[in-house]
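So the structure is just underneath, and the comments pick up after that.
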Amino acid sequence: MTAQATEGLTTPDTLSDDLITYYRTNGFVHVPNVLSAEEVAEFRAEAQRQLKASEKLTWDMGGGDIAMDWVPDANKHGEILRRLTMHPSVAGIAERLAGGPLRMFKSELLRKAGNKTNTGTPHHDDQSILPFHSDPPALTAWVPLVDVPLARGPMSYIPGSHRRPEPVPLDDEVANLRPLDYWSELNYQPMTTKPARVGDVCYHTDRVVHSATVNETDTDRIVLATIYMSAYARYRHNPFYSGTYLDDPDLGGMKPGELLASRDERFPLVGSKA
Ligand SMILES: O=C(O)CCC(=O)C(=O)O
């Protein structure tokens with residue numbers, strides 16, 4: 001990317017210390033103006049193509065309701081979205097927020113269909129379903145490919161909830177998948193909602209509790225969510241991950257404790273180490 005192309009945009013170099021402090025204190029941050037309109041237009045067109053052409057998983061809420069559907073590992077379905085997952089600003093800002101070298105773990109192309117045909121996204125954290133230990137903690141870059149105003153299901157977070165006590169038993173479904181039932185005090189903490197425009201990126205750490213409301217508009221909410229982890233993350237078996245990604249339950253045969261770096265091509269270094 002040329003210096004000209006980033007003029008007026010937020011880059012790893014121009015990211016303010018205030019936003020880094022906000023992220024570490026609250027567990028999430030909304031970074032405005034990371035991608036240009038031209039970049040987003042290209043990524044959105046490819047996302048729409050993949051949503052039509054690729055097999056999708058669904059977040060099943062029971063009773064026929066779904067919270068969203070998504071193309072898993074969108075980065076494997078073509079060069080264009082892979083480029084977004086490796087984007088020097090998107091990944092470089094993640095690296096500055098995390099405070100250490102990162103690898104890309106996976107990226108999911110999320111669609112929350114419009115006209116209230118999908119439900120809201122329930123409260124959860126991501127660490128509970130990820131199959132690795134990461135220090136610094138993993139984080140997600142949530143990149144909206146359409147504007148996400150209040151009515152289109154923006155993300156909400158419980159500030160500071162990433163600092164609640166751990167560890168929790170890995171096979172305890174309530175502790176892992178229903179944090180508000182397990183940590184009842186979370187029910188009395190305010191949430192922060194972050195509407196976002198195309199070009200912005202919302203980042204959240206893997207343990208902050210987050211959710212999203214229903215998409216009431218007639219436009220699908222399309223987002224690429226990319227998870228970055230420490231460059232030195234190690235595999236751990238996670239029943240919730242294996243149960244979701246049935247065709248790849250152990251990341252291609254990884255053993256507990258193994259460095260994900262041993263699969264360097266699949267989990268590439270990003271940001272300043274790319
Ligand atoms: O987009 C959503 O509604 C939820 C996304 C999410 O939970 C995530 O990216 O971790």
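Residue names in the structure tokens use chain letters A, B, ... in the order shown, residue numbers from 1 in each chain, and ligand numbers from 1 in the order shown.
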
With only C-alpha atoms as the counted atoms, please give the residues lying no more than 7 Å from segment 79-90 of chain A, apart from itself and same-chain residues fewer than 3 positions off, as number ranges by chain. A: 11-12, 34, 43, 46, 74-76, 93-94, 226, 270-271

Skip Ala212 of chain A itself and residues of its chain fewer than 4 positions away, then list as a PyMOL selection string all residues within 8 Å of it, counting only C-alpha atoms. chain A and resi 120-123+153-156

Among the residues A:Gly8, A:Tyr23, A:Ser134, A:Gln189, the one that comes closest to Leu102 of chain A [using only C-alpha atoms]: A:Ser134

Return as a PyMOL selection string every polymer residue, whether protein, DNA or RNA, with at least one atom no more than 9 Å from an atom of ligand 1; count only C-alpha atoms and all ligand atoms. chain A and resi 67-68+108+110-112+120-126+139-142+153-156+203-206+209-214+221-227

Write out as a ChimeraX atom specification the set of residues from segment 18-243 of chain A that DSSP, computed on the backbone, places in strand (DSSP E). /A:28-31,57-62,65-71,102-112,121-124,132-133,139-144,155-157,192-194,201-205,210-212,221-230,234-235

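Straight-line separation from atom CA of Lys106 of chain A to atom CA of Asp73 of chain A: 5.7 Å.
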
Exercise: segment 194-201 of chain A partners within 9 Å, only C-alpha atoms, chain neighbours under 5 positions left out, as a PyMOL selection string: chain A and resi 9+29-37+39-40+90+141-157

Close residues, Asp264 of chain A itself excluded, 12 Å, only C-alpha atoms, min 6 positions apart in chain, as a list of chain:residue names: A:Leu102, A:Arg103, A:Met104, A:Phe105, A:Ala231, A:Tyr232, A:Ala233, A:Val270, A:Ala274

Given the selection you just returned, output its residues as a file containing N, CA and C atoms, formatted as a short mmCIF file (atom, residue, chain, number, x, y, z; two decimals), in the first residue's frame.
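Full text of again_32.cif as output:
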```
data_model
loop_
_atom_site.label_atom_id
_atom_site.label_comp_id
_atom_site.auth_asym_id
_atom_site.auth_seq_id
_atom_site.Cartn_x
_atom_site.Cartn_y
_atom_site.Cartn_z
N LEU A 102 1.64 -11.52 15.93
CA LEU A 102 0.40 -12.28 15.74
C LEU A 102 0.46 -13.15 14.49
N ARG A 103 -0.36 -14.18 14.51
CA ARG A 103 -0.67 -14.99 13.33
C ARG A 103 -2.17 -14.91 13.07
N MET A 104 -2.53 -15.10 11.81
CA MET A 104 -3.95 -15.17 11.46
C MET A 104 -4.43 -16.60 11.74
N PHE A 105 -5.48 -16.73 12.53
CA PHE A 105 -6.01 -18.07 12.82
C PHE A 105 -7.06 -18.47 11.79
N ALA A 231 1.71 -15.22 18.01
CA ALA A 231 2.58 -15.99 17.10
C ALA A 231 3.03 -17.29 17.76
N TYR A 232 2.90 -17.35 19.11
CA TYR A 232 3.39 -18.54 19.83
C TYR A 232 2.22 -19.32 20.46
N ALA A 233 1.02 -19.16 19.90
CA ALA A 233 -0.14 -19.89 20.45
C ALA A 233 0.08 -21.40 20.32
N VAL A 270 1.41 -11.99 10.61
CA VAL A 270 0.77 -10.79 10.02
C VAL A 270 1.44 -9.55 10.60
N ALA A 274 4.96 -9.95 8.97
CA ALA A 274 4.50 -10.67 7.75
C ALA A 274 5.59 -10.68 6.68
#
```

The distance between atom CA of Phe240 of chain A and atom CA of Ile129 of chain A is 5.3 Å

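If you measure from each of A:Leu19, A:Leu170, A:Leu109, A:Met254 to Lys52 of chain A using only C-alpha atoms, the closest one turns out to be A:Leu109.
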
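Minimum distance to Lys255 of chain A across A:Phe132, A:Ser230, A:Glu42, A:Arg178 (counting only C-alpha atoms) occurs at A:Phe132.
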
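We find atom CA of Asp65 of chain A and atom CA of Asn176 of chain A to be spaced 21.3 Å apart.
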
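Closest approach to Glu173 of chain A among A:Pro239, A:Lys116, A:His133, A:Leu51 is made by A:Pro239 (distances from only C-alpha atoms).
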
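In this comparison, which uses only C-alpha atoms, the residue of A:Ser128, A:Pro256, A:Glu55, A:Asp220 approaching Pro72 of chain A most closely is A:Glu55.
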
Point out the residue among A:Thr21, A:Ser54, A:Thr14, A:Ser242 with the least atom-to-atom distance to Gly99 of chain A, counting only C-alpha atoms. A:Thr21
